[in-house]
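File shown: final.txt (compact mmCIF, C-alpha atoms).
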```
# COMPACT_ATOMS: atom_id res chain seq x y z
CA MET K 1 174.83 299.91 121.22
CA LYS K 2 171.79 299.34 119.06
CA SER K 3 172.56 298.76 115.37
CA GLY K 4 170.23 301.60 114.27
CA TYR K 5 172.19 304.16 116.28
CA GLN K 6 175.41 302.68 115.01
CA LYS K 7 174.35 303.24 111.41
CA TYR K 8 173.54 306.88 112.10
CA LEU K 9 176.78 307.30 113.98
CA THR K 10 178.75 305.68 111.15
CA VAL K 11 177.17 308.00 108.60
CA LEU K 12 177.75 311.02 110.85
CA LEU K 13 181.40 310.20 111.46
CA PHE K 14 182.06 309.63 107.79
CA ILE K 15 180.35 312.89 106.90
CA VAL K 16 182.44 314.75 109.48
CA SER K 17 185.61 313.06 108.27
CA GLY K 18 184.78 313.76 104.63
CA LEU K 19 183.99 317.38 105.42
CA GLY K 20 187.26 317.68 107.30
CA TYR K 21 189.21 316.22 104.37
CA ILE K 22 187.47 318.53 101.90
CA ILE K 23 188.15 321.62 104.04
CA GLY K 24 191.71 320.62 104.81
CA CYS K 25 192.60 319.54 101.29
CA THR K 26 191.34 322.02 98.73
CA HIS K 27 194.57 322.25 96.73
CA ASP K 28 194.31 326.01 96.69
CA ASN K 29 197.25 326.69 98.92
CA GLU K 30 199.23 329.76 98.05
CA PRO K 31 201.83 328.95 95.44
CA VAL K 32 205.37 328.65 96.64
CA PRO K 33 207.03 332.01 96.09
CA ALA K 34 209.56 332.13 93.32
CA PRO K 35 213.12 331.74 94.53
CA ALA K 36 214.80 334.99 95.38
CA SER K 37 216.89 336.29 92.55
CA SER K 38 220.59 336.14 93.13
CA ASN K 39 221.03 339.20 90.98
CA PRO K 40 221.81 342.38 92.90
CA VAL K 41 219.29 345.18 92.93
CA ILE K 42 220.89 347.86 90.80
CA THR K 43 219.47 351.31 90.76
CA ARG K 44 220.91 353.75 88.27
CA GLY K 45 220.01 357.36 87.95
CA THR K 46 219.85 359.44 84.82
CA ASN K 47 222.69 361.86 85.48
CA ILE K 48 224.54 363.21 82.48
CA HIS K 49 227.89 364.91 82.99
CA LEU K 50 229.62 366.69 80.14
CA PRO K 51 232.68 368.93 80.18
CA GLY K 52 231.47 371.33 77.53
CA ALA K 53 234.02 374.07 77.13
CA MET K 54 234.83 373.94 80.87
CA THR K 55 233.68 377.51 81.28
CA ALA K 56 234.31 378.69 84.82
CA GLY K 57 231.06 379.43 86.64
CA ASN K 58 228.91 377.39 84.25
CA PRO K 59 227.26 374.75 86.46
CA ASN K 60 226.34 372.66 83.40
CA GLU K 61 229.97 372.20 82.41
CA TRP K 62 231.97 369.83 84.55
CA LYS K 63 235.64 370.35 85.28
CA LEU K 64 238.21 367.77 86.27
CA ASP K 65 239.39 368.66 89.75
CA LYS K 66 242.96 367.53 89.17
CA ALA K 67 244.18 368.72 92.54
CA HIS K 68 241.83 366.25 94.20
CA SER K 69 242.21 363.44 91.69
CA SER K 70 244.90 360.83 91.32
CA VAL K 71 246.26 358.07 89.13
CA LEU K 72 247.74 355.35 91.30
CA TRP K 73 249.68 352.25 90.37
CA GLU K 74 250.68 349.20 92.32
CA THR K 75 252.54 346.02 91.59
CA ASN K 76 254.18 343.27 93.58
CA TYR K 77 257.76 344.13 94.46
CA VAL K 78 260.14 341.70 92.73
CA GLY K 79 257.05 339.90 91.54
CA ALA K 80 256.67 338.04 94.81
CA ALA K 81 256.61 340.34 97.79
CA GLY K 82 254.20 343.00 99.00
CA LEU K 83 253.00 345.90 96.97
CA LEU K 84 255.17 348.57 95.51
CA THR K 85 252.97 351.60 94.97
CA GLY K 86 253.17 355.01 93.45
CA ARG K 87 251.24 357.71 91.64
CA PHE K 88 251.58 359.87 88.60
CA ASN K 89 251.82 363.53 89.48
CA GLN K 90 250.77 364.70 86.03
CA PHE K 91 247.81 363.33 84.16
CA GLY K 92 244.76 364.54 82.33
CA ALA K 93 241.50 363.61 80.63
CA HIS K 94 242.21 364.60 77.09
CA ASN K 95 242.35 362.60 73.91
CA VAL K 96 245.95 363.45 73.04
CA LEU K 97 246.40 363.36 69.29
CA ASP K 98 249.78 362.70 67.74
CA ALA K 99 250.02 366.36 66.75
CA GLU K 100 249.52 367.33 70.40
CA MET K 101 252.35 365.16 71.68
CA LEU K 102 254.68 368.01 72.47
CA ASN K 103 256.48 369.72 75.30
CA TYR K 104 254.31 372.43 76.85
CA ASN K 105 255.87 375.27 78.79
CA THR K 106 253.35 375.44 81.56
CA THR K 107 252.93 374.29 85.12
CA GLY K 108 249.18 373.79 84.72
CA GLN K 109 247.26 371.35 82.58
CA PRO K 110 248.80 371.44 79.10
CA LEU K 111 245.55 370.41 77.39
CA LYS K 112 241.90 370.88 78.33
CA ASP K 113 240.41 367.96 80.20
CA THR K 114 237.51 367.62 77.82
CA GLY K 115 238.10 364.11 76.51
CA TRP K 116 235.20 362.50 78.29
CA ALA K 117 231.42 362.28 78.62
CA PHE K 118 229.42 360.36 81.15
CA TYR K 119 225.81 359.17 80.82
CA GLU K 120 224.76 357.27 83.91
CA ASN K 121 221.96 355.36 82.21
CA GLU K 122 223.26 355.28 78.64
CA PRO K 123 226.71 353.73 78.81
CA ALA K 124 226.91 353.48 75.01
CA LYS K 125 227.24 357.26 74.99
CA THR K 126 229.90 357.31 77.70
CA TYR K 127 233.51 357.65 76.66
CA PHE K 128 236.75 358.97 78.04
CA SER K 129 240.37 359.39 77.15
CA GLY K 130 243.26 360.06 79.46
CA TYR K 131 246.99 360.22 79.74
CA VAL K 132 249.78 360.20 82.27
CA GLN K 133 253.25 361.62 82.05
CA ILE K 134 255.48 358.66 82.80
CA ASN K 135 258.38 360.59 84.25
CA THR K 136 256.11 362.01 86.98
CA SER K 137 255.78 358.59 88.61
CA ASN K 138 256.14 359.25 92.31
CA THR K 139 256.95 356.45 94.73
CA GLY K 140 258.11 358.82 97.45
CA GLU K 141 261.76 357.90 96.84
CA PRO K 142 263.31 360.77 94.80
CA GLY K 143 266.43 358.75 94.11
CA ARG K 144 264.41 356.04 92.44
CA ASP K 145 261.83 358.31 90.76
CA ALA K 146 264.45 360.50 89.13
CA GLY K 147 266.95 357.70 88.78
CA CYS K 148 266.52 354.08 87.74
CA ASN K 149 262.82 354.53 87.05
CA LEU K 150 263.57 356.78 84.10
CA THR K 151 265.71 354.10 82.49
CA ASN K 152 263.39 351.25 83.40
CA LEU K 153 260.37 353.07 81.95
CA GLY K 154 262.19 354.34 78.87
CA THR K 155 261.64 358.01 79.48
CA THR K 156 263.53 361.21 80.27
CA ALA K 157 263.91 363.38 83.33
CA ILE K 158 261.45 366.06 84.33
CA VAL K 159 262.29 369.56 83.12
CA ALA K 160 261.01 372.23 85.48
CA GLY K 161 258.12 374.22 84.04
CA VAL K 162 257.62 371.84 81.13
CA GLN K 163 254.77 369.38 80.66
CA ASN K 164 256.28 366.60 78.59
CA LEU K 165 253.64 364.95 76.41
CA THR K 166 256.10 363.60 73.88
CA VAL K 167 255.88 360.04 72.69
CA THR K 168 258.59 358.78 75.05
CA ASN K 169 256.81 360.13 78.11
CA ILE K 170 253.11 359.59 77.57
CA ALA K 171 250.84 356.62 78.16
CA ARG K 172 247.31 357.03 76.84
CA ILE K 173 244.00 355.27 77.22
CA LYS K 174 240.92 355.63 75.07
CA THR K 175 237.66 353.77 75.53
CA THR K 176 236.18 351.65 72.77
CA SER K 177 232.99 350.61 74.59
CA VAL K 178 231.27 351.11 77.91
CA GLU K 179 228.57 348.69 79.14
CA PHE K 180 226.57 348.07 82.27
CA ASP K 181 228.09 345.53 84.61
CA PRO K 182 225.24 343.03 85.15
CA ALA K 183 226.63 342.02 88.56
CA SER K 184 227.01 345.47 90.09
CA ALA K 185 226.24 349.13 89.63
CA ASP K 186 229.59 349.57 87.88
CA TYR K 187 230.39 349.70 84.18
CA ILE K 188 232.61 347.42 82.15
CA VAL K 189 234.93 349.44 80.00
CA LYS K 190 236.87 348.20 76.99
CA PHE K 191 239.66 350.48 75.97
CA ASN K 192 242.97 350.77 74.22
CA MET K 193 246.15 351.60 76.07
CA THR K 194 249.00 353.07 74.07
CA TRP K 195 252.49 353.41 75.47
CA LYS K 196 255.96 353.23 74.02
CA GLY K 197 257.66 352.02 77.18
CA THR K 198 261.17 350.90 76.28
CA LEU K 199 260.15 349.82 72.79
CA THR K 200 261.09 351.64 69.61
CA ALA K 201 257.51 352.70 68.85
CA PRO K 202 254.26 352.96 70.84
CA VAL K 203 252.24 349.79 71.24
CA THR K 204 248.48 349.64 71.65
CA ARG K 205 246.87 346.93 73.74
CA ALA K 206 243.13 346.28 74.07
CA LEU K 207 242.24 346.01 77.76
CA THR K 208 239.18 345.81 79.98
CA GLY K 209 238.54 347.74 83.16
CA ARG K 210 235.83 348.61 85.62
CA LEU K 211 234.35 352.04 86.03
CA LYS K 212 232.55 353.09 89.18
CA TYR K 213 230.37 356.16 89.29
CA ILE K 214 230.16 358.10 92.54
CA PRO K 215 226.90 360.00 92.07
CA LYS K 216 226.51 363.72 92.04
CA ALA K 217 226.27 365.49 95.38
CA THR K 218 225.85 369.09 96.32
CA ILE K 219 228.50 370.70 98.49
CA ALA K 220 227.28 373.36 100.85
CA ALA K 221 229.47 376.41 100.51
CA ALA K 222 229.05 380.16 100.20
CA VAL K 223 228.24 379.37 96.59
CA PRO K 224 227.02 375.76 96.59
CA TYR K 225 228.39 373.52 93.87
CA ASP K 226 228.09 369.92 92.76
CA VAL K 227 230.67 367.17 92.59
CA PHE K 228 230.77 363.63 91.30
CA GLY K 229 233.47 361.02 90.92
CA LEU K 230 234.62 358.37 88.49
CA GLN K 231 236.89 355.58 89.63
CA PHE K 232 238.43 353.52 86.90
CA LYS K 233 240.42 350.38 87.67
CA PHE K 234 242.31 348.16 85.31
CA GLN K 235 245.50 346.19 85.02
CA PHE K 236 247.99 345.59 82.26
CA ASN K 237 251.06 343.52 81.58
CA CYS K 238 254.07 345.80 81.65
CA ARG K 239 256.09 343.27 79.62
CA ASP K 240 253.84 344.13 76.65
CA PHE K 241 255.49 347.54 76.67
CA GLY K 242 259.06 346.36 76.96
CA ILE K 243 259.45 346.80 80.72
CA THR K 244 262.02 344.21 81.74
CA SER K 245 262.78 345.26 85.29
CA THR K 246 262.44 342.29 87.63
CA ASN K 247 261.84 344.65 90.53
CA ILE K 248 258.17 344.59 89.60
CA SER K 249 255.77 341.84 88.57
CA ASP K 250 254.28 341.48 85.09
CA LYS K 251 250.93 342.74 86.26
CA VAL K 252 250.48 346.37 87.17
CA ASP K 253 247.23 347.62 88.68
CA ILE K 254 246.06 351.12 87.91
CA THR K 255 243.41 353.07 89.78
CA CYS K 256 242.24 356.39 88.41
CA ASN K 257 240.30 358.47 90.92
CA MET K 258 238.79 361.36 89.02
CA ASN K 259 236.81 364.02 90.82
CA PHE K 260 234.78 366.58 88.97
CA ASN K 261 232.96 369.73 90.00
CA ASN K 262 230.78 372.27 88.27
CA LYS K 263 232.24 375.41 89.81
CA MET L 1 190.42 327.30 119.27
CA ASP L 2 194.04 328.35 119.68
CA TYR L 3 195.99 325.97 121.89
CA GLY L 4 199.44 327.28 121.17
CA PHE L 5 202.10 325.27 119.40
CA LEU L 6 202.87 322.76 122.15
CA GLY L 7 199.22 322.50 123.16
CA ASN L 8 198.31 321.70 119.58
CA PHE L 9 201.11 319.18 119.44
CA GLU L 10 199.71 317.35 122.45
CA ARG L 11 196.24 317.36 120.92
CA PHE L 12 197.65 315.79 117.80
CA GLU L 13 199.42 313.14 119.89
CA LEU L 14 196.16 312.17 121.57
CA MET L 15 194.21 312.25 118.33
CA ALA L 16 196.86 310.16 116.58
CA PHE L 17 196.35 307.39 119.14
CA PHE L 18 192.59 307.37 119.63
CA SER L 19 190.55 309.34 117.08
CA GLY L 20 190.77 306.78 114.27
CA TYR L 21 189.44 303.94 116.39
CA ALA L 22 185.83 305.16 116.19
CA LEU L 23 185.82 304.76 112.40
CA ILE L 24 187.54 301.37 112.60
CA TYR L 25 185.03 300.24 115.21
CA LEU L 26 182.03 301.27 113.15
CA LEU L 27 183.46 299.79 109.96
CA LEU L 28 184.33 296.47 111.57
CA ASN L 29 180.96 296.30 113.27
CA GLY L 30 179.25 296.90 109.96
CA LEU L 31 181.38 294.49 107.92
CA TRP L 32 181.92 291.68 110.42
CA ARG L 33 180.06 288.49 109.46
CA ASN L 34 179.21 285.89 112.03
CA ASP L 35 179.94 283.08 109.56
CA PHE L 36 183.67 283.63 110.03
CA SER L 37 184.98 280.40 111.51
CA LEU L 38 186.55 282.19 114.42
CA LYS L 39 186.07 281.30 118.01
CA PHE L 40 186.76 284.78 119.33
CA SER L 41 184.15 287.50 119.13
CA LYS L 42 184.49 290.79 117.32
CA ALA L 43 183.80 292.46 120.68
CA ARG L 44 186.92 290.86 122.05
CA LEU L 45 188.95 291.88 119.04
CA LEU L 46 187.70 295.47 119.16
CA SER L 47 188.18 295.86 122.90
CA TYR L 48 191.60 294.28 123.02
CA SER L 49 192.89 296.17 120.01
CA TYR L 50 191.78 299.38 121.71
CA ALA L 51 193.40 298.21 124.92
CA LEU L 52 196.60 297.63 122.93
CA THR L 53 196.35 301.16 121.57
CA GLY L 54 195.87 302.43 125.14
CA THR L 55 198.88 300.43 126.33
CA LEU L 56 201.05 301.87 123.58
CA PHE L 57 199.83 305.33 124.58
CA ILE L 58 200.76 304.66 128.21
CA GLY L 59 204.21 303.56 127.01
CA TYR L 60 204.47 306.75 125.02
CA VAL L 61 203.54 308.88 128.03
CA VAL L 62 206.00 307.06 130.30
CA ARG L 63 208.76 307.51 127.69
CA LYS L 64 207.92 311.18 127.43
CA ILE L 65 208.12 311.60 131.21
CA PHE L 66 211.48 309.78 131.39
CA ILE L 67 212.95 311.81 128.52
CA ASN L 68 212.01 314.98 130.39
CA LEU L 69 213.40 313.65 133.66
CA ASP L 70 216.65 312.65 131.97
CA ALA L 71 216.95 316.10 130.47
CA GLY L 72 216.27 317.61 133.91
CA THR L 73 213.26 319.51 132.63
CA GLN L 74 209.87 319.71 134.23
CA VAL L 75 207.16 317.58 132.62
CA HIS L 76 204.27 319.73 131.56
CA PHE L 77 201.01 318.58 130.04
CA TYR L 78 198.87 321.13 128.29
CA HIS L 79 195.84 318.80 128.30
CA PRO L 80 196.24 316.78 131.53
CA ILE L 81 192.61 315.70 131.68
CA LEU L 82 192.67 314.38 128.12
CA TYR L 83 195.96 312.62 128.89
CA LEU L 84 194.49 310.93 131.94
CA PHE L 85 191.42 310.01 129.94
CA GLY L 86 193.63 308.53 127.25
CA ILE L 87 195.49 306.42 129.79
CA LEU L 88 192.14 304.92 130.84
CA ALA L 89 192.13 303.04 127.51
CA GLY L 90 194.45 300.54 129.19
CA LEU L 91 191.48 299.45 131.29
CA PHE L 92 190.02 297.60 128.29
CA TRP L 93 192.28 294.66 129.06
CA ILE L 94 190.02 294.10 132.06
CA PRO L 95 187.04 291.87 131.12
CA VAL L 96 184.53 294.12 132.88
CA PHE L 97 185.33 296.86 130.40
CA SER L 98 186.26 294.73 127.42
CA LYS L 99 182.81 293.20 127.36
CA ARG L 100 181.33 296.65 126.82
CA THR L 101 182.83 297.57 123.46
CA SER L 102 180.63 300.61 123.14
CA LEU L 103 182.63 302.14 126.00
CA ALA L 104 185.73 301.97 123.79
CA LEU L 105 183.76 303.67 121.02
CA LEU L 106 182.64 306.41 123.40
CA HIS L 107 186.20 306.80 124.65
CA SER L 108 187.46 307.22 121.11
CA LEU L 109 184.63 309.59 120.17
CA VAL L 110 185.89 312.05 122.79
CA PHE L 111 189.09 312.45 120.73
CA PHE L 112 187.29 312.28 117.41
CA ALA L 113 185.06 315.12 118.60
CA LEU L 114 188.06 317.45 118.48
CA ILE L 115 187.76 317.34 114.66
CA PRO L 116 184.18 318.64 114.36
CA LEU L 117 185.04 321.21 117.03
CA ASP L 118 187.84 322.50 114.82
CA ILE L 119 185.58 322.42 111.76
CA ILE L 120 183.04 324.55 113.63
CA SER L 121 185.81 326.89 114.77
CA TYR L 122 186.99 327.14 111.17
CA ALA L 123 183.45 327.92 110.01
CA ARG L 124 183.32 330.68 112.63
CA GLY L 125 186.68 331.97 111.45
CA SER L 126 188.54 331.42 114.71
CA VAL L 127 191.04 328.88 113.31
CA GLU L 128 192.88 328.66 110.03
CA ARG L 129 192.11 326.05 107.40
CA GLU L 130 195.55 324.53 108.10
CA GLN L 131 194.30 323.49 111.55
CA VAL L 132 191.57 321.33 109.98
CA GLY L 133 194.08 320.06 107.43
CA ASN L 134 196.41 319.03 110.24
CA ASP L 135 193.53 317.34 112.09
CA MET L 136 192.72 315.28 109.02
CA ASN L 137 196.35 314.31 108.50
CA VAL L 138 196.47 313.12 112.09
CA LEU L 139 193.15 311.29 111.67
CA SER L 140 194.61 309.46 108.65
CA ILE L 141 197.63 308.44 110.72
CA SER L 142 195.35 307.35 113.55
CA ILE L 143 193.26 305.20 111.19
CA ILE L 144 196.41 303.46 109.94
CA PHE L 145 197.63 303.07 113.53
CA ASN L 146 194.35 301.58 114.77
CA VAL L 147 194.06 299.27 111.75
CA SER L 148 197.56 298.06 112.59
CA THR L 149 196.72 297.39 116.22
CA ALA L 150 193.51 295.60 115.12
CA ILE L 151 195.48 293.43 112.69
CA LEU L 152 198.06 292.66 115.37
CA MET L 153 195.35 291.74 117.84
CA PHE L 154 193.55 289.64 115.20
CA ILE L 155 196.75 287.69 114.50
CA PHE L 156 197.37 287.23 118.21
CA LEU L 157 193.82 286.00 118.89
CA TRP L 158 193.87 283.77 115.80
CA LEU L 159 197.17 282.19 116.83
CA SER L 160 195.83 281.68 120.37
CA GLN L 161 192.74 279.99 118.95
CA LYS L 162 194.84 277.72 116.76
CA LYS L 163 196.99 276.73 119.71
CA ARG L 164 193.95 275.88 121.76
CA ASN L 165 192.44 273.78 118.91
CA ARG L 166 195.65 271.75 118.42
CA PRO L 167 195.13 268.13 119.64
CA GLU L 168 197.21 267.15 122.62
CA ASN L 169 200.12 264.82 121.71
CA GLY L 170 200.81 261.70 123.79
```
In structure tokens, what does this structure look like?
Amino acid sequence: MKSGYQKYLTVLLFIVSGLGYIIGCTHDNEPVPAPASSNPVITRGTNIHLPGAMTAGNPNEWKLDKAHSSVLWETNYVGAAGLLTGRFNQFGAHNVLDAEMLNYNTTGQPLKDTGWAFYENEPAKTYFSGYVQINTSNTGEPGRDAGCNLTNLGTTAIVAGVQNLTVTNIARIKTTSVEFDPASADYIVKFNMTWKGTLTAPVTRALTGRLKYIPKATIAAAVPYDVFGLQFKFQFNCRDFGITSTNISDKVDITCNMNFNNK
Amino acid sequence: MDYGFLGNFERFELMAFFSGYALIYLLLNGLWRNDFSLKFSKARLLSYSYALTGTLFIGYVVRKIFINLDAGTQVHFYHPILYLFGILAGLFWIPVFSKRTSLALLHSLVFFALIPLDIISYARGSVEREQVGNDMNVLSISIIFNVSTAILMFIFLWLSQKKRNRPENG
């Protein structure tokens, strides 16, 4: 090949190569996308539920639907085996003051279930109080529930037609703070639990639990109404309250399933 | 031009072997001084180094065929004509062809031409910029590969020359 042509060819090839490198290497590639966040996507609404005066027929005042709610407990049998479970037949959502710790001659709720307020998006405003009547613990074994359980839990037998909210038979909880759970749509609740157990006087323990909100839904009926739910889970050490029975483990798990409606 | 993934892969294989030679050829031709005290010509070096590249390509093709046969899969070439043309590079061991170094340049230019074709396609919007980027990466590899074969061939020819120049003992 003649040297003149070779020069032209050399220049041409280097121009083509240079052009190719410039086109192929402009450093303006799309930036690498930021790593996906490991945080869950949490969507919270703005529902506000308040009990008000619990006036029947007022859709803005929410009522605890006790018949469809429950307070459940579970613990390991003898501290090592499977779960021993039960429920409390009588409970409520009221901030029971010392002056209210009495026997009530009624088969219904002895006190109004107005000790709560729920703000879906403002947990600082959310609070609730509740109680259970210890002697209504129901494991499905009447011999145990009305027998050794009474002694083990430091309480007295059920009297028909009486709601016993006296100090020996009541365990109370009262929230001190409610916060968003950053890892889920739930809420982290700090609260005090007060119970006498088998001790000489009630003891208060600061505990932490998890509150789940089951959002409001409308139920189709002749007169439609709304419902929502609150599920509160926590655990406590029963030895803190003088429970010495070795039939159960130290740790007792409590699940409160509270359903509300605005009928 | 869209060749599909495997078709593109084969193009890159061919370009990796042959496209860089054209630049090496033109550079060496431009830089080579006759006052080098070497007995072999640059034409010989250029032809044989290209023949070595062609031989390595033939080895690569044979290996590819045997791998497919071992795996019991059918051998399929997406660019059979270019493959056959690439195999022809082995002919530059034969003096008839090795004397005509410009044939090696023309042979290599066929594969180099795939780059401007892609640049034109990019300018017309029918291929992505990444295609040109990939071409240039492969061209860089090919330049390194062909420089290596040229160095190997230079060493081989230089050692051969030294052996021939050594005085006979006894």
Contacts of region 130-132 of chain L at 12 Å or less, counting all atoms listed in the file, minus same-chain residues fewer than 2 places along, as a PDB file with C-alpha atoms, in the frame of the given file?
```
ATOM      1  CA  VAL K  16     182.440 314.750 109.480  1.00  0.00           C
ATOM      2  CA  SER K  17     185.610 313.060 108.270  1.00  0.00           C
ATOM      3  CA  GLY K  18     184.780 313.760 104.630  1.00  0.00           C
ATOM      4  CA  LEU K  19     183.990 317.380 105.420  1.00  0.00           C
ATOM      5  CA  GLY K  20     187.260 317.680 107.300  1.00  0.00           C
ATOM      6  CA  TYR K  21     189.210 316.220 104.370  1.00  0.00           C
ATOM      7  CA  ILE K  22     187.470 318.530 101.900  1.00  0.00           C
ATOM      8  CA  ILE K  23     188.150 321.620 104.040  1.00  0.00           C
ATOM      9  CA  GLY K  24     191.710 320.620 104.810  1.00  0.00           C
ATOM     10  CA  CYS K  25     192.600 319.540 101.290  1.00  0.00           C
ATOM     11  CA  THR K  26     191.340 322.020  98.730  1.00  0.00           C
ATOM     12  CA  HIS K  27     194.570 322.250  96.730  1.00  0.00           C
ATOM     13  CA  ASP K  28     194.310 326.010  96.690  1.00  0.00           C
ATOM     14  CA  ASN K  29     197.250 326.690  98.920  1.00  0.00           C
ATOM     15  CA  GLU K  30     199.230 329.760  98.050  1.00  0.00           C
TER      16      GLU K  30
ATOM     17  CA  MET L   1     190.420 327.300 119.270  1.00  0.00           C
ATOM     18  CA  ASP L   2     194.040 328.350 119.680  1.00  0.00           C
ATOM     19  CA  TYR L   3     195.990 325.970 121.890  1.00  0.00           C
ATOM     20  CA  GLY L   4     199.440 327.280 121.170  1.00  0.00           C
ATOM     21  CA  PHE L   5     202.100 325.270 119.400  1.00  0.00           C
ATOM     22  CA  ASN L   8     198.310 321.700 119.580  1.00  0.00           C
ATOM     23  CA  PHE L   9     201.110 319.180 119.440  1.00  0.00           C
ATOM     24  CA  ARG L  11     196.240 317.360 120.920  1.00  0.00           C
ATOM     25  CA  PHE L  12     197.650 315.790 117.800  1.00  0.00           C
ATOM     26  CA  LEU L 114     188.060 317.450 118.480  1.00  0.00           C
ATOM     27  CA  ILE L 115     187.760 317.340 114.660  1.00  0.00           C
ATOM     28  CA  PRO L 116     184.180 318.640 114.360  1.00  0.00           C
ATOM     29  CA  LEU L 117     185.040 321.210 117.030  1.00  0.00           C
ATOM     30  CA  ASP L 118     187.840 322.500 114.820  1.00  0.00           C
ATOM     31  CA  ILE L 119     185.580 322.420 111.760  1.00  0.00           C
ATOM     32  CA  ILE L 120     183.040 324.550 113.630  1.00  0.00           C
ATOM     33  CA  SER L 121     185.810 326.890 114.770  1.00  0.00           C
ATOM     34  CA  TYR L 122     186.990 327.140 111.170  1.00  0.00           C
ATOM     35  CA  ALA L 123     183.450 327.920 110.010  1.00  0.00           C
ATOM     36  CA  GLY L 125     186.680 331.970 111.450  1.00  0.00           C
ATOM     37  CA  SER L 126     188.540 331.420 114.710  1.00  0.00           C
ATOM     38  CA  VAL L 127     191.040 328.880 113.310  1.00  0.00           C
ATOM     39  CA  GLU L 128     192.880 328.660 110.030  1.00  0.00           C
ATOM     40  CA  ASN L 134     196.410 319.030 110.240  1.00  0.00           C
ATOM     41  CA  ASP L 135     193.530 317.340 112.090  1.00  0.00           C
ATOM     42  CA  MET L 136     192.720 315.280 109.020  1.00  0.00           C
ATOM     43  CA  ASN L 137     196.350 314.310 108.500  1.00  0.00           C
ATOM     44  CA  VAL L 138     196.470 313.120 112.090  1.00  0.00           C
ATOM     45  CA  LEU L 139     193.150 311.290 111.670  1.00  0.00           C
TER      46      LEU L 139
END
```
Leu56 (chain L) environment, 10 Å, only C-alpha atoms, sequence neighbours closer than 2 positions dropped, as a VMD selection string: chain L and resid 17 50 to 54 58 to 62 87 89 to 90 149
Counting all atoms listed in the file, find the residues whose atoms lie at most 10 Å from (187.0, 313.4, 121.9) (file coordinates) and write them out as a ChimeraX atom specification. /L:14-15,18-19,82,85-86,106-117
Would you pick out the contacts of Lys251 (chain K) at 12 Å or less, using only C-alpha atoms, so that residues sharing its chain but fewer than 5 positions from it are not included, and give the list as a PyMOL selection string? chain K and resi 73-80+83-84+234-241+243+246
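CA of Phe97 (chain L) sits 21.6 Å away from CA of Ser148 (chain L).
Each of L:Arg164, L:Arg129, L:Arg124, L:Arg100 was compared to chain K using all atoms listed in the file, and L:Arg129 turns out to be the nearest.
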Residues within 10 Å of Ile214 (chain K), only C-alpha atoms, excluding chain neighbours under 4 positions, as JSON, numbers by chain: {"K": [186, 227, 228, 229, 230, 231, 258, 259]}
Quick one: everything within 8 Å of Tyr25 (chain L), counting all atoms listed in the file, minus sequence neighbours fewer than 3 positions away in the same chain. Send it as a ChimeraX atom specification. /L:21-22,28-29,46,105
